[in-house]
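A.B. asks: Please read through the structure below; I'll follow up with questions.
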Amino acid sequence: MRSPTPIALSILALSLGYVIQSAPTSVAQSEVTFNRDVAPILYAKCVACHRKGEVAPMPLLTYEDARPWARAIKEKVVLRQMPPWFADPKYGTFANDPSLTPREIETISKWADGGAVKGDTGDLPKPPQFTDGWQLGEPDMIVELPEVQIPATGPDYFPTPTIALNLTEDRWIRAVEIRPGNREVTHHSVIFSTNAGAALGGSGFFDVLALWSVGTPPTVYPEGMGRWIRKGQTLRTNLHYHPNGTPQVDRTRIGFYFGKAELKKEVVAALAGTFNLSIPPQAQNYEVKSTYIVEQDINIVSLFPHMHLRGKDMKLTAIYPGGRQETILNVPGYNFDWQLFYYPKTTLTLPRGTRIDLVAHYDNSSSNPRNPDPARTVTFGEASTAEMMFGMFEFTAVDGVSPRPGNVSSRMQQLLASFPRGTAYSITVPQGAQTLPTVLYLPKSGDAAWYFPTQGILNVSSINDLVWIGNAFKFTTMIRLGTGPGPFIVAGDLKGDGTIRGSLESTVATSRVPFAEFSGTPNQENP
């Protein structure tokens, strides 16, 4: 996970032209100086990035650095556009929340309005000390990726070099820092731990080790927590570059910081989301859903929502065994430019059987100024012009040092049990030469959905136009198994013994029906 300390976040991309709003007036204007009042705020929440060699467009370490930007700084903090933070304060508190207090905003505003006075030199606190090039200090081990040649033009470039770790023994790491060599064209750098298994697999774990993007601070695990890197291990990468008109070169470095004592808790990651995206042209508020099932008692370490340029918002809601619901993160104004992790300030324990529902909305209309092409249907893809919908979770096991790997069968059983008794059905459907366990949630009223496990995650097929007439039902849905595109009309009925039977019919003459008939047994749990 990434450092929950505010030093990792900053005021970034300051610009003129915003409407100035009035600030409270309880601080006497004549009292506010840079050295005594403003510098401590900048040192705590800005200068980790607002210094030479970092992502911010200008340094703010000294009075001479900050003075030309005084009015722009005020405008950004009064509008709460900086420091960047997007979590709805009504839901949870987070250890890495960099938001300025009303008093801090007032102080900066009074400083700018009062002529941006420097103040007495003796009032200036000692500036924070940084190791040149590494935010976390000199690493215990530095790994350099192969040089990447980025073409001058063309689509987004996605090289995936791998590199072996020349370790003589297994080590656990308490922190990781990724440093791209060319941030002008680098969108993100993701490092995967290939020894942990497939990136998305039956274990339910997602083997991402660390990532860099604008606004994402280095990985720093809580005290006594970390990840293993193994003797002979190979790292897999996913690098993303934007060609900018001239040929570019990047050489990314990875810094590892070793744990010094015994590892108390191993941190792992899991992923919720979907590959089944199809956002229509001009859709202003297109909804996409996903689900994650907790297969053992866990403590959440971080939450990470991810969408692209059309992403508007994402909400994560935990449905606990017993039916109680709690919103654990709401990001009402998603911003693709800032890839932020959110670290619960207090321990967030999710017991086995908890279902986390993700709901996201997308603006693929002409009213979205960031939309590359509102005239086309947008599907899943790595490029920024395509879309994604993922929520990543980092967690530790409540019991034991390491979380236990799960499996698809266990996951689907827990999903089935998460719904009220008699509303969800276990349905096994054919997929080529094999079969696939699915769960159809089909209540007599309210939202319904069909859940299909795909590459380690649960794809949610929304159900539309559901109609019950007695024990007979009918609805439409999009089902994608293999090359089957959907949409389909589904009809069936509820039998006296509680089972259901149904059939599918494609609404498109050229579509392949993934399976013609199905039957299902109801859940017997009543959480």
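Labeling convention for the structure tokens: chains A, B, ... as they appear, residues from 1 per chain, ligands from 1 in order of appearance.
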Could you give me the residues within region 201-288 of chain A that DSSP places in strand (DSSP E or B), as a VMD selection string?

C.D. replies: chain A and resid 206 208 to 213 219 to 220 225 to 229 234 to 241 248 to 250 253 to 258 265 to 266 268 to 273 278 to 279 286 to 288

A.B. asks: Find the spatial neighbours of Gly119 (chain A), counting only C-alpha atoms, within a cut-off of 8 Å - ignore same-chain residues fewer than 6 positions away - and output them as JSON, numbers by chain.

C.D. replies: {"A": [33, 34, 35, 36]}

A.B. asks: Keeping only C-alpha atoms, take the residues you just selected and write them out as a PDB file, in the first residue's frame.

C.D. replies:
ATOM      1  CA  THR A  33       3.584  35.763   7.035  1.00  0.00           C
ATOM      2  CA  PHE A  34       5.126  33.095   4.869  1.00  0.00           C
ATOM      3  CA  ASN A  35       7.910  32.146   7.270  1.00  0.00           C
ATOM      4  CA  ARG A  36       5.773  31.702  10.368  1.00  0.00           C
TER       5      ARG A  36
END

A.B. asks: Skip Thr168 (chain A) itself and residues of its chain fewer than 4 positions away, then list as a list of chain:residue names all residues within 9 Å of it, counting only C-alpha atoms.

C.D. replies: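 Near Thr168 (chain A), the qualifying residues are A:Arg230, A:Lys231, A:Gly232.
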
A.B. asks: Pick out the closest residue to Ser99 (chain A) from this set: A:Leu235, A:Ala44, A:Ala152, A:Ala39. Count only C-alpha atoms.

C.D. replies: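 Among the listed residues, the smallest separation from Ser99 (chain A) belongs to A:Ala44.
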
A.B. asks: List every residue of region 398-481 of chain A that has an atom at most 10 Å from any atom of region 334-353 of chain A, giving for each one its closest atom pair and the distance in Å to one decimal, counting only C-alpha atoms, sorted by chain and then by ascending residue number, as JSON lines.

C.D. replies:
{"residue": "A:Val398", "atom": "CA", "partner": "A:Thr349", "partner_atom": "CA", "distance": 8.0}
{"residue": "A:Arg411", "atom": "CA", "partner": "A:Gly353", "partner_atom": "CA", "distance": 8.9}
{"residue": "A:Gln413", "atom": "CA", "partner": "A:Gly353", "partner_atom": "CA", "distance": 9.1}
{"residue": "A:Gln414", "atom": "CA", "partner": "A:Gly353", "partner_atom": "CA", "distance": 5.4}
{"residue": "A:Leu415", "atom": "CA", "partner": "A:Gly353", "partner_atom": "CA", "distance": 7.3}
{"residue": "A:Leu416", "atom": "CA", "partner": "A:Gly353", "partner_atom": "CA", "distance": 9.5}
{"residue": "A:Ala417", "atom": "CA", "partner": "A:Gly353", "partner_atom": "CA", "distance": 7.5}
{"residue": "A:Ser418", "atom": "CA", "partner": "A:Gly353", "partner_atom": "CA", "distance": 6.5}

A.B. asks: CA of Thr396 (chain A) and CA of Leu358 (chain A), how far apart in Å?

C.D. replies: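 Value for the CA of Leu358 (chain A)-CA of Thr396 (chain A) distance: 20.6 Å.
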
A.B. asks: Rank nothing, just name the residue among A:Leu329, A:Ala375, A:Ile178, A:Val117 nearest to Gly133 (chain A), using only C-alpha atoms.

C.D. replies: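 That would be A:Ile178, the residue with the smallest distance to Gly133 (chain A).
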
A.B. asks: Pick out the closest residue to Pro180 (chain A) from this set: A:Thr194, A:Lys74, A:Val55, A:Gln296. Count only C-alpha atoms.

C.D. replies: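 Ranked by minimum distance to Pro180 (chain A), first place goes to A:Val55.
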
A.B. asks: So that I can check the surroundings of Met389 (chain A), please list as a count of residues only every protein, DNA and RNA residue that reaches within 12 Å of it, counting only C-alpha atoms and ignoring chain neighbours fewer than 2 positions away.

C.D. replies: 44

A.B. asks: Can you pull out every residue within 12 Å of Asn166 (chain A), counting only C-alpha atoms, but drop anything in the same chain fewer than 3 positions away, and send it as a PDB file with N, CA and C atoms, in the first residue's frame?

C.D. replies:
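around_1.pdb was written with the following content:
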ATOM      1  N   MET A 141      17.570  -1.973  -2.043  1.00  0.00           N
ATOM      2  CA  MET A 141      17.873  -2.599  -3.325  1.00  0.00           C
ATOM      3  C   MET A 141      17.195  -1.792  -4.432  1.00  0.00           C
ATOM      4  N   ILE A 142      17.947  -1.500  -5.492  1.00  0.00           N
ATOM      5  CA  ILE A 142      17.414  -0.763  -6.641  1.00  0.00           C
ATOM      6  C   ILE A 142      17.426  -1.679  -7.855  1.00  0.00           C
ATOM      7  N   VAL A 143      16.281  -1.795  -8.515  1.00  0.00           N
ATOM      8  CA  VAL A 143      16.145  -2.591  -9.728  1.00  0.00           C
ATOM      9  C   VAL A 143      15.835  -1.641 -10.878  1.00  0.00           C
ATOM     10  N   GLU A 144      16.579  -1.755 -11.951  1.00  0.00           N
ATOM     11  CA  GLU A 144      16.387  -0.886 -13.109  1.00  0.00           C
ATOM     12  C   GLU A 144      15.777  -1.685 -14.250  1.00  0.00           C
ATOM     13  N   ILE A 163      11.770  -8.524 -15.445  1.00  0.00           N
ATOM     14  CA  ILE A 163      13.129  -8.459 -14.919  1.00  0.00           C
ATOM     15  C   ILE A 163      13.251  -9.405 -13.730  1.00  0.00           C
ATOM     16  N   GLU A 169      18.228 -14.779  -1.143  1.00  0.00           N
ATOM     17  CA  GLU A 169      17.323 -15.349  -0.157  1.00  0.00           C
ATOM     18  C   GLU A 169      15.994 -14.601  -0.229  1.00  0.00           C
ATOM     19  N   ASP A 170      14.953 -15.189   0.309  1.00  0.00           N
ATOM     20  CA  ASP A 170      13.657 -14.529   0.377  1.00  0.00           C
ATOM     21  C   ASP A 170      13.755 -13.333   1.330  1.00  0.00           C
ATOM     22  N   ARG A 171      13.122 -12.242   0.956  1.00  0.00           N
ATOM     23  CA  ARG A 171      13.067 -11.056   1.822  1.00  0.00           C
ATOM     24  C   ARG A 171      11.639 -10.520   1.826  1.00  0.00           C
ATOM     25  N   ILE A 229       9.218 -10.858  -1.409  1.00  0.00           N
ATOM     26  CA  ILE A 229       9.843 -11.043  -2.713  1.00  0.00           C
ATOM     27  C   ILE A 229      10.829 -12.192  -2.544  1.00  0.00           C
ATOM     28  N   ARG A 230      10.858 -13.066  -3.556  1.00  0.00           N
ATOM     29  CA  ARG A 230      11.494 -14.355  -3.380  1.00  0.00           C
ATOM     30  C   ARG A 230      12.790 -14.504  -4.173  1.00  0.00           C
ATOM     31  N   LYS A 231      13.628 -15.370  -3.675  1.00  0.00           N
ATOM     32  CA  LYS A 231      14.839 -15.746  -4.386  1.00  0.00           C
ATOM     33  C   LYS A 231      14.469 -16.278  -5.774  1.00  0.00           C
ATOM     34  N   GLY A 232      15.106 -15.724  -6.811  1.00  0.00           N
ATOM     35  CA  GLY A 232      14.832 -16.152  -8.165  1.00  0.00           C
ATOM     36  C   GLY A 232      13.568 -15.598  -8.778  1.00  0.00           C
ATOM     37  N   GLN A 233      12.922 -14.674  -8.097  1.00  0.00           N
ATOM     38  CA  GLN A 233      11.647 -14.151  -8.571  1.00  0.00           C
ATOM     39  C   GLN A 233      11.809 -13.238  -9.780  1.00  0.00           C
ATOM     40  N   THR A 234      10.814 -13.237 -10.647  1.00  0.00           N
ATOM     41  CA  THR A 234      10.764 -12.348 -11.800  1.00  0.00           C
ATOM     42  C   THR A 234       9.600 -11.390 -11.651  1.00  0.00           C
ATOM     43  N   LEU A 235       9.830 -10.126 -11.912  1.00  0.00           N
ATOM     44  CA  LEU A 235       8.775  -9.121 -11.867  1.00  0.00           C
ATOM     45  C   LEU A 235       8.208  -8.911 -13.263  1.00  0.00           C
TER      46      LEU A 235
END

A.B. asks: Just checking: using only C-alpha atoms, which residue out of A:Val294, A:Ile427, A:Val331, A:Ala164 ends up closest to Pro522 (chain A)?

C.D. replies: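 For Pro522 (chain A), the nearest of the candidates is A:Ile427.
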
A.B. asks: What's the 10 Å shell around region 245-253 of chain A, counting only C-alpha atoms, without same-chain residues fewer than 4 positions away, as a list of chain:residue names?

C.D. replies: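 Listed by chain and then number, they are A:Ile142, A:Val143, A:Glu144, A:Leu145, A:Pro146, A:Glu147, A:Val148, A:Gln149, A:Ile150, A:Pro151, A:Ala152, A:Thr153, A:Gly154, A:Glu177, A:Ile178, A:Arg179, A:Pro180, A:Gly181, A:Asn182, A:Arg183, A:Glu184, A:Val185, A:Thr186, A:Ser189, A:Leu239, A:Tyr241.
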
A.B. asks: Generate the output file for the selected residues, N, CA and C atoms, as a PDB file, in the first residue's frame.

C.D. replies:
ATOM      1  N   ILE A 142      17.947  -1.500  -5.492  1.00  0.00           N
ATOM      2  CA  ILE A 142      17.414  -0.763  -6.641  1.00  0.00           C
ATOM      3  C   ILE A 142      17.426  -1.679  -7.855  1.00  0.00           C
ATOM      4  N   VAL A 143      16.281  -1.795  -8.515  1.00  0.00           N
ATOM      5  CA  VAL A 143      16.145  -2.591  -9.728  1.00  0.00           C
ATOM      6  C   VAL A 143      15.835  -1.641 -10.878  1.00  0.00           C
ATOM      7  N   GLU A 144      16.579  -1.755 -11.951  1.00  0.00           N
ATOM      8  CA  GLU A 144      16.387  -0.886 -13.109  1.00  0.00           C
ATOM      9  C   GLU A 144      15.777  -1.685 -14.250  1.00  0.00           C
ATOM     10  N   LEU A 145      14.643  -1.196 -14.774  1.00  0.00           N
ATOM     11  CA  LEU A 145      13.997  -1.874 -15.892  1.00  0.00           C
ATOM     12  C   LEU A 145      14.742  -1.576 -17.186  1.00  0.00           C
ATOM     13  N   PRO A 146      14.562  -2.419 -18.200  1.00  0.00           N
ATOM     14  CA  PRO A 146      15.217  -2.146 -19.480  1.00  0.00           C
ATOM     15  C   PRO A 146      14.761  -0.810 -20.065  1.00  0.00           C
ATOM     16  N   GLU A 147      15.620  -0.210 -20.855  1.00  0.00           N
ATOM     17  CA  GLU A 147      15.289   1.059 -21.498  1.00  0.00           C
ATOM     18  C   GLU A 147      14.117   0.863 -22.469  1.00  0.00           C
ATOM     19  N   VAL A 148      13.201   1.826 -22.456  1.00  0.00           N
ATOM     20  CA  VAL A 148      12.030   1.788 -23.323  1.00  0.00           C
ATOM     21  C   VAL A 148      12.109   2.943 -24.310  1.00  0.00           C
ATOM     22  N   GLN A 149      11.961   2.638 -25.594  1.00  0.00           N
ATOM     23  CA  GLN A 149      11.921   3.652 -26.644  1.00  0.00           C
ATOM     24  C   GLN A 149      10.461   3.950 -26.961  1.00  0.00           C
ATOM     25  N   ILE A 150      10.020   5.181 -26.685  1.00  0.00           N
ATOM     26  CA  ILE A 150       8.634   5.568 -26.929  1.00  0.00           C
ATOM     27  C   ILE A 150       8.558   6.276 -28.276  1.00  0.00           C
ATOM     28  N   PRO A 151       7.722   5.784 -29.193  1.00  0.00           N
ATOM     29  CA  PRO A 151       7.639   6.420 -30.513  1.00  0.00           C
ATOM     30  C   PRO A 151       7.067   7.828 -30.422  1.00  0.00           C
ATOM     31  N   ALA A 152       7.366   8.629 -31.421  1.00  0.00           N
ATOM     32  CA  ALA A 152       6.917  10.023 -31.424  1.00  0.00           C
ATOM     33  C   ALA A 152       5.414  10.129 -31.582  1.00  0.00           C
ATOM     34  N   THR A 153       4.827   9.270 -32.387  1.00  0.00           N
ATOM     35  CA  THR A 153       3.400   9.341 -32.675  1.00  0.00           C
ATOM     36  C   THR A 153       2.792   7.952 -32.573  1.00  0.00           C
ATOM     37  N   GLY A 154       1.481   7.924 -32.705  1.00  0.00           N
ATOM     38  CA  GLY A 154       0.773   6.660 -32.654  1.00  0.00           C
ATOM     39  C   GLY A 154      -0.073   6.541 -31.410  1.00  0.00           C
ATOM     40  N   GLU A 177       9.194   1.957  -3.922  1.00  0.00           N
ATOM     41  CA  GLU A 177       9.053   3.236  -4.622  1.00  0.00           C
ATOM     42  C   GLU A 177       9.435   3.047  -6.084  1.00  0.00           C
ATOM     43  N   ILE A 178       8.545   3.463  -6.971  1.00  0.00           N
ATOM     44  CA  ILE A 178       8.780   3.404  -8.411  1.00  0.00           C
ATOM     45  C   ILE A 178       9.094   4.803  -8.908  1.00  0.00           C
ATOM     46  N   ARG A 179      10.171   4.915  -9.701  1.00  0.00           N
ATOM     47  CA  ARG A 179      10.557   6.216 -10.229  1.00  0.00           C
ATOM     48  C   ARG A 179      10.746   6.122 -11.746  1.00  0.00           C
ATOM     49  N   PRO A 180       9.742   6.580 -12.519  1.00  0.00           N
ATOM     50  CA  PRO A 180       9.935   6.639 -13.969  1.00  0.00           C
ATOM     51  C   PRO A 180      11.049   7.616 -14.323  1.00  0.00           C
ATOM     52  N   GLY A 181      11.770   7.309 -15.380  1.00  0.00           N
ATOM     53  CA  GLY A 181      12.844   8.208 -15.803  1.00  0.00           C
ATOM     54  C   GLY A 181      12.358   9.350 -16.660  1.00  0.00           C
ATOM     55  N   ASN A 182      11.166   9.227 -17.256  1.00  0.00           N
ATOM     56  CA  ASN A 182      10.636  10.259 -18.145  1.00  0.00           C
ATOM     57  C   ASN A 182       9.158  10.456 -17.834  1.00  0.00           C
ATOM     58  N   ARG A 183       8.870  11.379 -16.943  1.00  0.00           N
ATOM     59  CA  ARG A 183       7.488  11.600 -16.528  1.00  0.00           C
ATOM     60  C   ARG A 183       6.688  12.411 -17.543  1.00  0.00           C
ATOM     61  N   GLU A 184       7.373  12.992 -18.499  1.00  0.00           N
ATOM     62  CA  GLU A 184       6.684  13.786 -19.513  1.00  0.00           C
ATOM     63  C   GLU A 184       5.720  12.933 -20.322  1.00  0.00           C
ATOM     64  N   VAL A 185       6.068  11.674 -20.550  1.00  0.00           N
ATOM     65  CA  VAL A 185       5.220  10.815 -21.379  1.00  0.00           C
ATOM     66  C   VAL A 185       4.699   9.591 -20.616  1.00  0.00           C
ATOM     67  N   THR A 186       5.071   9.423 -19.355  1.00  0.00           N
ATOM     68  CA  THR A 186       4.645   8.256 -18.582  1.00  0.00           C
ATOM     69  C   THR A 186       3.292   8.496 -17.947  1.00  0.00           C
ATOM     70  N   SER A 189       3.106   3.245 -14.245  1.00  0.00           N
ATOM     71  CA  SER A 189       4.030   2.106 -14.193  1.00  0.00           C
ATOM     72  C   SER A 189       3.516   1.166 -13.115  1.00  0.00           C
ATOM     73  N   LEU A 239       3.621  -0.974 -18.389  1.00  0.00           N
ATOM     74  CA  LEU A 239       4.006   0.424 -18.518  1.00  0.00           C
ATOM     75  C   LEU A 239       3.107   1.086 -19.562  1.00  0.00           C
ATOM     76  N   TYR A 241       2.584   4.675 -21.815  1.00  0.00           N
ATOM     77  CA  TYR A 241       3.167   5.944 -22.263  1.00  0.00           C
ATOM     78  C   TYR A 241       2.248   6.620 -23.276  1.00  0.00           C
TER      79      TYR A 241
END

A.B. asks: Here is a test: counting only C-alpha atoms, which residue of A:Tyr320, A:Tyr257, A:Val77, A:Phe206 is nearest to Gly137 (chain A)?

C.D. replies: A:Tyr257

A.B. asks: Run DSSP on the backbone of this structure and report the residues of region 51-115 of chain A it assigns to alpha helix (DSSP H), as a list of chain:residue names.

C.D. replies: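 Everything in region 51-115 of chain A that counts as alpha helix (DSSP H) is A:Tyr63, A:Glu64, A:Asp65, A:Ala66, A:Ala70, A:Arg71, A:Ala72, A:Ile73, A:Lys74, A:Glu75, A:Lys76, A:Val77, A:Val78, A:Pro102, A:Arg103, A:Glu104, A:Ile105, A:Glu106, A:Thr107, A:Ile108, A:Ser109, A:Lys110, A:Trp111, A:Ala112, A:Asp113.
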
A.B. asks: Output N, CA and C atoms for every residue in the selection just made, as a short mmCIF file (atom, residue, chain, number, x, y, z; two decimals), in the first residue's frame.

C.D. replies:
data_model
loop_
_atom_site.label_atom_id
_atom_site.label_comp_id
_atom_site.auth_asym_id
_atom_site.auth_seq_id
_atom_site.Cartn_x
_atom_site.Cartn_y
_atom_site.Cartn_z
N TYR A 63 10.33 31.05 0.14
CA TYR A 63 9.47 32.22 -0.10
C TYR A 63 9.59 32.68 -1.53
N GLU A 64 10.81 32.69 -2.04
CA GLU A 64 11.03 33.12 -3.42
C GLU A 64 10.32 32.21 -4.42
N ASP A 65 10.25 30.91 -4.08
CA ASP A 65 9.50 29.97 -4.93
C ASP A 65 8.00 30.26 -4.91
N ALA A 66 7.46 30.48 -3.72
CA ALA A 66 6.01 30.55 -3.55
C ALA A 66 5.42 31.92 -3.86
N ALA A 70 1.27 33.18 -5.15
CA ALA A 70 0.43 33.38 -3.97
C ALA A 70 -1.05 33.41 -4.31
N ARG A 71 -1.43 34.19 -5.31
CA ARG A 71 -2.85 34.31 -5.64
C ARG A 71 -3.40 33.00 -6.21
N ALA A 72 -2.62 32.32 -7.04
CA ALA A 72 -3.07 31.05 -7.60
C ALA A 72 -3.23 29.99 -6.51
N ILE A 73 -2.30 29.98 -5.53
CA ILE A 73 -2.41 29.04 -4.41
C ILE A 73 -3.70 29.28 -3.66
N LYS A 74 -4.00 30.55 -3.39
CA LYS A 74 -5.23 30.88 -2.67
C LYS A 74 -6.45 30.38 -3.43
N GLU A 75 -6.49 30.65 -4.73
CA GLU A 75 -7.65 30.26 -5.52
C GLU A 75 -7.89 28.76 -5.47
N LYS A 76 -6.83 27.99 -5.59
CA LYS A 76 -6.97 26.54 -5.60
C LYS A 76 -7.41 25.99 -4.24
N VAL A 77 -6.85 26.50 -3.14
CA VAL A 77 -7.20 25.94 -1.84
C VAL A 77 -8.58 26.39 -1.39
N VAL A 78 -8.99 27.61 -1.77
CA VAL A 78 -10.33 28.08 -1.41
C VAL A 78 -11.38 27.25 -2.14
N PRO A 102 -10.17 24.41 7.67
CA PRO A 102 -10.64 25.78 7.43
C PRO A 102 -9.62 26.83 7.89
N ARG A 103 -8.95 26.57 8.98
CA ARG A 103 -7.95 27.51 9.49
C ARG A 103 -6.76 27.64 8.53
N GLU A 104 -6.32 26.50 7.96
CA GLU A 104 -5.20 26.54 7.02
C GLU A 104 -5.59 27.28 5.74
N ILE A 105 -6.81 27.07 5.27
CA ILE A 105 -7.27 27.80 4.08
C ILE A 105 -7.36 29.29 4.38
N GLU A 106 -7.85 29.62 5.54
CA GLU A 106 -7.94 31.01 5.97
C GLU A 106 -6.56 31.66 6.02
N THR A 107 -5.59 30.92 6.55
CA THR A 107 -4.23 31.46 6.67
C THR A 107 -3.64 31.76 5.30
N ILE A 108 -3.75 30.83 4.37
CA ILE A 108 -3.20 31.04 3.02
C ILE A 108 -3.92 32.19 2.33
N SER A 109 -5.24 32.27 2.51
CA SER A 109 -6.00 33.36 1.88
C SER A 109 -5.57 34.72 2.42
N LYS A 110 -5.41 34.83 3.73
CA LYS A 110 -5.00 36.09 4.33
C LYS A 110 -3.58 36.48 3.92
N TRP A 111 -2.74 35.47 3.76
CA TRP A 111 -1.37 35.75 3.31
C TRP A 111 -1.39 36.32 1.90
N ALA A 112 -2.13 35.71 1.00
CA ALA A 112 -2.20 36.20 -0.37
C ALA A 112 -2.84 37.57 -0.44
N ASP A 113 -3.93 37.78 0.29
CA ASP A 113 -4.63 39.06 0.25
C ASP A 113 -3.86 40.18 0.94
#

A.B. asks: Could you check the closest approach to Thr93 (chain A) for each of A:Pro68, A:Val267, A:Asn330, A:His50 and tell me which residue wins, using only C-alpha atoms?

C.D. replies: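 The answer is A:Asn330, which sits nearest to Thr93 (chain A).
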